[in-house]
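Input: a single structure, listed below in structure tokens.
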Amino acid sequence: AVQAAPPAGTGPIVKLWSWNWNSVARECVDVLGPAGYGAVQVSPPHDSMSKGGSVWWDVYQPARYTLTSKFGDENAFKNMIDACHGAGVKVHVDAVVNHMTGQGSTSYGGYSFSKYNYPGLYSSWDFRNSPSCVIDDEDYKKNGWRVQNCELVSLADLDTGSGYVRDRIAGWLNRLTALGVDGFRIDAAKHIHPDDLAAIKAKLTGSPYLHLEVIYGEGEAVQPSQYTGIGDVHEFVFGRKMKEQFTGQIKWLRTFGESWGLSVPADRAVTFVDNHDTERKDASKNDATLNYKYGDTYKLANVFMLAWPYGTPRVYSGFTWSDKEAGPPSANGGFVTDTDCGNGRWTCFHRQMAGMAGFHKAVAGTSVADWYDNDDNVIAFSRGNKGWVAINNGSGSVTRTFTTGLPAGTYANVAGSGSVTVGSGGTASVTVPAKSAVAVHVGGGPTPTPTATPSPTV
Ligand code: ARE
Ligand code: CA
């Protein structure tokens, strides 16, 4: 049986997008495991059309199901899984199974193919291409059949109603599971009929965790709710709301939840402030999100995501860019080079959230209490008697005595530096500088030591 959701108390997912396998392996051991991240989501590992490193999106055009990608070979892939598992981190793979290529003729593995013809794998009759049709913008609202059967941006659409195609897709995913992969992000799941996806799922071995990319759009024919019976679903409204609030007044977040028009219930949602598509949207578009370029504002939205109970959060970490098409740092015809967090080419944003990954894990299962806001851009709340956070999204420093709900002791600020000393009544005098956060949890940093008198800190 396929597992519904990660067990409670597991750490958040981190998406190390466009990282090569060697670098993910190292990061699992050095950072992700020690921080408490529960799983790492890696880029599509299949062989794909090659654009020689000039763009990032070639890997969303599968050429064949072999582990010959620009991120490394099968050995490197297997080593990565072993290294991550050794560090207590699960591995999720980005599975592109709705389509094959729309262009190109050679792959990173040196294989030759053409659109609709992938020797040894698929031929023309495995696609819904007679006659072929391409999804129009209006189809999303008007015609669910076309969304699932026509081509997404001209990518050869697999006939997922066919038994042969389902077997090839399941066979590929099962090979990955056999190598140790723990879960799949299903790319373009919205474009695969739920019945087809359920049939593919029924052929899966092991119990991979599935999270599906079904982008919510108001009034659209295909909705996330049609997929929640199959796996967890990506909550795209979450990121849109985070942008709205953190570029406005965050006091409103007091009531944040499904009633805000979120598209996936909390127990089925994978939440994220941004992903590789939304970070590249023009800021003026209503589906644009915050991204690393928003600096502290982006950071605070991620702190909120990891502190507030809604869904399974996923921290996004990619490479820096100014050209939206540009690929990650690469060499030798497009093979991605090792990540260097110090050279400015990678955001390594997940490292800034390492302490909050531990916070998220520590407060699992508790509810929000001790809400405070200043009627503007400063909020604070506790998570049971396990954790407490204050977020100052305003432009001035705030010092006050907060009710933290925590046992007396001194705790490290896992969202920044310094510490917080909680007195016997559960209160603490804390300074939260402008555009920063203070987060403390039981088990985080200095061992809680009983103190008689609260003292000002941070
Ligand atoms: C590239 C070129 C195209 C060319 C194509 C085929 O850019 O010009 O036609 O190749 O030759 C990524 C890139 C694409 C790229 C593709 C393949 O973003 O530009 O095309 O790789 O290389 C819809 C889908 C959703 C999808 C988004 C992008 O529903 O599933 O569009 N997201 C995933 C990935 C993408 C990836 C693909 C799917 C394809 O995350 O990175 O594409 O594997 C409304 C709707 C949404 C819709 C959105 C479109 O909001 O509600 O459902 O999303 O509009 O903007
Ligand atoms: Ca399809």
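Residues in the structure tokens are named by chain (A, B, ... in the order shown) and by number from 1 within that chain; ligands are numbered from 1 in the order shown.
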
Backbone-only DSSP, strand (DSSP E) members of region 68-262 of chain A, as a compact mmCIF listing (two decimals) with N, CA and C atoms, in the first residue's frame:
```txt
# COMPACT_ATOMS: atom_id res chain seq x y z
N LYS A 90 15.38 11.03 3.81
CA LYS A 90 14.76 10.30 2.71
C LYS A 90 15.00 11.04 1.40
N VAL A 91 14.86 10.32 0.29
CA VAL A 91 15.11 10.93 -1.02
C VAL A 91 13.84 10.86 -1.87
N HIS A 92 13.40 12.03 -2.35
CA HIS A 92 12.26 12.11 -3.27
C HIS A 92 12.78 12.53 -4.64
N VAL A 93 12.25 11.88 -5.66
CA VAL A 93 12.66 12.15 -7.02
C VAL A 93 11.56 12.90 -7.77
N ASP A 94 11.96 13.85 -8.59
CA ASP A 94 11.03 14.57 -9.46
C ASP A 94 10.73 13.64 -10.64
N ALA A 95 9.51 13.13 -10.72
CA ALA A 95 9.15 12.14 -11.75
C ALA A 95 8.36 12.80 -12.87
N GLY A 183 10.25 8.51 -2.34
CA GLY A 183 9.04 9.23 -2.72
C GLY A 183 9.20 9.90 -4.07
N PHE A 184 8.07 10.35 -4.61
CA PHE A 184 8.08 11.00 -5.92
C PHE A 184 7.26 12.28 -5.90
N ARG A 185 7.83 13.32 -6.51
CA ARG A 185 7.04 14.51 -6.85
C ARG A 185 6.58 14.22 -8.27
N ILE A 186 5.27 14.14 -8.49
CA ILE A 186 4.78 13.83 -9.82
C ILE A 186 4.57 15.14 -10.58
N TYR A 209 6.16 7.71 -1.02
CA TYR A 209 5.32 8.86 -0.69
C TYR A 209 5.14 9.66 -1.97
N LEU A 210 3.89 9.94 -2.33
CA LEU A 210 3.61 10.67 -3.56
C LEU A 210 3.15 12.09 -3.25
N HIS A 211 3.76 13.08 -3.90
CA HIS A 211 3.20 14.43 -3.83
C HIS A 211 3.08 14.97 -5.25
N LEU A 212 1.88 15.47 -5.53
CA LEU A 212 1.48 15.73 -6.90
C LEU A 212 1.44 17.22 -7.23
N ASP A 232 -0.47 13.24 -1.62
CA ASP A 232 -0.51 14.62 -1.16
C ASP A 232 -0.42 15.52 -2.39
N VAL A 233 -0.90 16.74 -2.26
CA VAL A 233 -0.96 17.63 -3.40
C VAL A 233 -0.29 18.97 -3.05
N HIS A 234 0.42 19.51 -4.01
CA HIS A 234 1.10 20.79 -3.80
C HIS A 234 0.08 21.91 -3.63
N GLU A 235 0.26 22.71 -2.58
CA GLU A 235 -0.67 23.79 -2.25
C GLU A 235 -0.13 25.10 -2.82
```

Q: Show which residues sit within 12 Å of Ser397 (chain A), as JSON, numbers by chain. Count only C-alpha atoms, and ignore same-chain residues fewer than 3 positions away.
A: {"A": [377, 378, 390, 391, 392, 393, 394, 400, 430, 431, 432, 433, 434, 435, 436, 437, 458]}

Prev. selection, C-alpha atoms, output as a compact mmCIF listing (two decimals), in the first residue's frame:
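Result file follows (out.txt):
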```txt
# COMPACT_ATOMS: atom_id res chain seq x y z
CA ASN A 377 3.69 43.62 11.19
CA VAL A 378 4.87 41.85 14.34
CA ALA A 390 8.27 35.88 17.04
CA ILE A 391 8.38 37.39 13.56
CA ASN A 392 9.03 41.09 13.02
CA ASN A 393 8.21 41.97 9.42
CA GLY A 394 8.19 45.66 10.24
CA ARG A 400 8.56 43.41 25.05
CA VAL A 430 12.79 39.57 24.04
CA THR A 431 14.06 42.04 21.47
CA VAL A 432 13.13 41.22 17.90
CA PRO A 433 15.06 43.46 15.51
CA ALA A 434 13.35 44.78 12.37
CA LYS A 435 12.90 42.20 9.58
CA SER A 436 14.03 39.31 11.75
CA ALA A 437 12.70 36.37 13.73
CA VAL A 458 18.65 38.38 22.18
```

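Among the candidates A:Asp73, A:Asp58, A:Asp136, A:Asp157, the residue lying nearest to ligand 2 is A:Asp157 (atoms considered: only C-alpha atoms and all ligand atoms).
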
**Q.** Straight-line distance linking atom 1 (Ca, counted along the ligand's line) of ligand 2 with CA of Thr228 (chain A), stated in Å to one decimal
**A.**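 Going from atom 1 (Ca, counted along the ligand's line) of ligand 2 over to CA of Thr228 (chain A), I get 18.1 Å.
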
Q: Excluding Gly52 (chain A) and any residue of its chain fewer than 4 positions from it, enumerate the residues within 8 Å of it, using only C-alpha atoms, and give them as number ranges by chain.
A: A: 333-335

Write out, as a compact mmCIF listing (two decimals), in the first residue's frame, the residues just selected, with C-alpha atoms.
```txt
# COMPACT_ATOMS: atom_id res chain seq x y z
CA GLY A 333 28.49 20.16 -22.39
CA GLY A 334 26.02 20.91 -19.63
CA PHE A 335 26.93 18.60 -16.76
```

Counting only C-alpha atoms and all ligand atoms, which residues of chain A sit at most 6 Å from some atom of ligand 2, and what is each one's closest atom pair with its distance in Å to one decimal, listed by chain and rising residue number, as JSON lines?
```
{"residue": "A:Asn98", "atom": "CA", "partner": "ligand 2", "partner_atom_place_in_ligand_line": "1 (Ca)", "distance": 5.2}
{"residue": "A:Gln148", "atom": "CA", "partner": "ligand 2", "partner_atom_place_in_ligand_line": "1 (Ca)", "distance": 4.3}
{"residue": "A:Asn149", "atom": "CA", "partner": "ligand 2", "partner_atom_place_in_ligand_line": "1 (Ca)", "distance": 4.6}
{"residue": "A:Asp157", "atom": "CA", "partner": "ligand 2", "partner_atom_place_in_ligand_line": "1 (Ca)", "distance": 5.1}
{"residue": "A:His191", "atom": "CA", "partner": "ligand 2", "partner_atom_place_in_ligand_line": "1 (Ca)", "distance": 4.4}
{"residue": "A:Ile192", "atom": "CA", "partner": "ligand 2", "partner_atom_place_in_ligand_line": "1 (Ca)", "distance": 4.5}
```

Q: List all protein, DNA and RNA residues that have an atom no more than 6 Å from any atom of ligand 1, counting only C-alpha atoms and all ligand atoms, and report them as a list of chain:residue names.
A: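 Sorted by chain and then by number, the residues are A:Trp57, A:Asp58, A:Tyr60, A:Gln61, A:Gly102, A:Gln103, A:Val153, A:Ser154, A:Leu155, A:Asp187, A:Ala188, A:Lys190, A:Ile215, A:Tyr216, A:Gly217, A:Asp277.
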
Convert the current residue selection to file output with N, CA and C atoms, as a CSV table (one decimal), in the first residue's frame.
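Writing the result to result.csv gives the following:
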```csv
chain,number,residue,atom,x,y,z
A,57,TRP,N,15.5,23.9,-18.1
A,57,TRP,CA,14.3,23.2,-18.4
A,57,TRP,C,14.4,22.0,-19.3
A,58,ASP,N,15.6,21.7,-19.8
A,58,ASP,CA,15.7,20.5,-20.7
A,58,ASP,C,15.4,19.2,-19.9
A,60,TYR,N,13.1,18.6,-18.0
A,60,TYR,CA,11.7,18.3,-18.0
A,60,TYR,C,11.2,17.7,-19.3
A,61,GLN,N,12.1,17.2,-20.1
A,61,GLN,CA,11.8,16.6,-21.4
A,61,GLN,C,12.6,15.2,-21.4
A,102,GLY,N,9.6,17.7,-26.4
A,102,GLY,CA,8.9,18.5,-27.4
A,102,GLY,C,9.9,18.9,-28.5
A,103,GLN,N,11.2,18.7,-28.2
A,103,GLN,CA,12.2,19.1,-29.2
A,103,GLN,C,13.5,18.4,-28.9
A,153,VAL,N,2.7,22.6,-23.4
A,153,VAL,CA,3.7,23.3,-24.1
A,153,VAL,C,4.4,22.5,-25.2
A,154,SER,N,3.6,21.8,-26.0
A,154,SER,CA,4.0,20.9,-27.1
A,154,SER,C,4.9,19.7,-26.7
A,155,LEU,N,4.8,19.3,-25.5
A,155,LEU,CA,5.5,18.1,-25.1
A,155,LEU,C,4.7,16.9,-25.5
A,187,ASP,N,5.5,15.4,-11.5
A,187,ASP,CA,5.4,16.6,-12.4
A,187,ASP,C,4.2,16.6,-13.2
A,188,ALA,N,3.5,17.7,-13.4
A,188,ALA,CA,2.4,17.9,-14.3
A,188,ALA,C,1.3,16.8,-14.0
A,190,LYS,N,-1.5,17.2,-12.9
A,190,LYS,CA,-2.8,17.8,-13.4
A,190,LYS,C,-3.1,17.3,-14.8
A,215,ILE,N,-1.6,22.4,-10.0
A,215,ILE,CA,-1.7,23.8,-9.7
A,215,ILE,C,-3.1,24.3,-9.6
A,216,TYR,N,-3.5,24.9,-8.4
A,216,TYR,CA,-4.8,25.4,-8.3
A,216,TYR,C,-5.0,26.7,-9.2
A,217,GLY,N,-6.1,26.7,-9.9
A,217,GLY,CA,-6.5,27.9,-10.6
A,217,GLY,C,-8.0,28.1,-10.4
A,277,ASP,N,9.3,27.2,-10.7
A,277,ASP,CA,8.5,27.9,-11.6
A,277,ASP,C,8.0,29.2,-11.1
```

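Closest to Val214 (chain A) among A:Lys241, A:Lys251, A:Ser263, A:Asp282 is A:Ser263, based on only C-alpha atoms.
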
**Q.** Exercise: Gly405 (chain A) partners within 10 Å, only C-alpha atoms, chain neighbours under 4 positions left out, as a PyMOL selection string
**A.** chain A and resi 369-370+381-388+422+425-428

Write a file of the just-selected residues containing C-alpha atoms, as a compact mmCIF listing (two decimals), in the first residue's frame.
```txt
# COMPACT_ATOMS: atom_id res chain seq x y z
CA ALA A 369 -1.38 29.32 21.36
CA ASP A 370 -0.27 32.57 23.02
CA PHE A 381 2.90 32.50 18.97
CA SER A 382 3.73 29.32 20.78
CA ARG A 383 3.38 25.71 19.70
CA GLY A 384 2.18 23.93 22.78
CA ASN A 385 4.92 23.86 25.38
CA LYS A 386 7.44 22.83 22.73
CA GLY A 387 8.29 25.98 20.81
CA TRP A 388 7.75 29.71 20.46
CA VAL A 422 12.22 32.04 29.83
CA GLY A 425 5.95 31.95 34.55
CA GLY A 426 6.71 31.13 30.91
CA THR A 427 7.37 34.75 30.01
CA ALA A 428 10.48 36.21 28.43
```

Q.
Using DSSP assignments from the backbone, pull out every residue in region 180-301 of chain A that falls under helix (DSSP H, G or I) and give it to me as number ranges by chain.
A. A: 189-191, 194-202, 224-226, 236-246, 250-255, 258-260, 266-268, 278-280, 292-294, 296-301

Q: May I ask for the distance between CA of Lys115 (chain A) and CA of Val147 (chain A), given in Å to one decimal place?
A: 19.5 Å

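The smallest atom-to-atom distance between Leu253 (chain A) and any of A:Ser105, A:Trp308, A:Asp338, A:Gly344, using only C-alpha atoms, is found for A:Trp308.
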
(Q) Please compute the CA of Lys78 (chain A)-CA of Ala63 (chain A) distance, one decimal, in Å. (A)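 Separating CA of Lys78 (chain A) from CA of Ala63 (chain A) is a distance of 20.6 Å.
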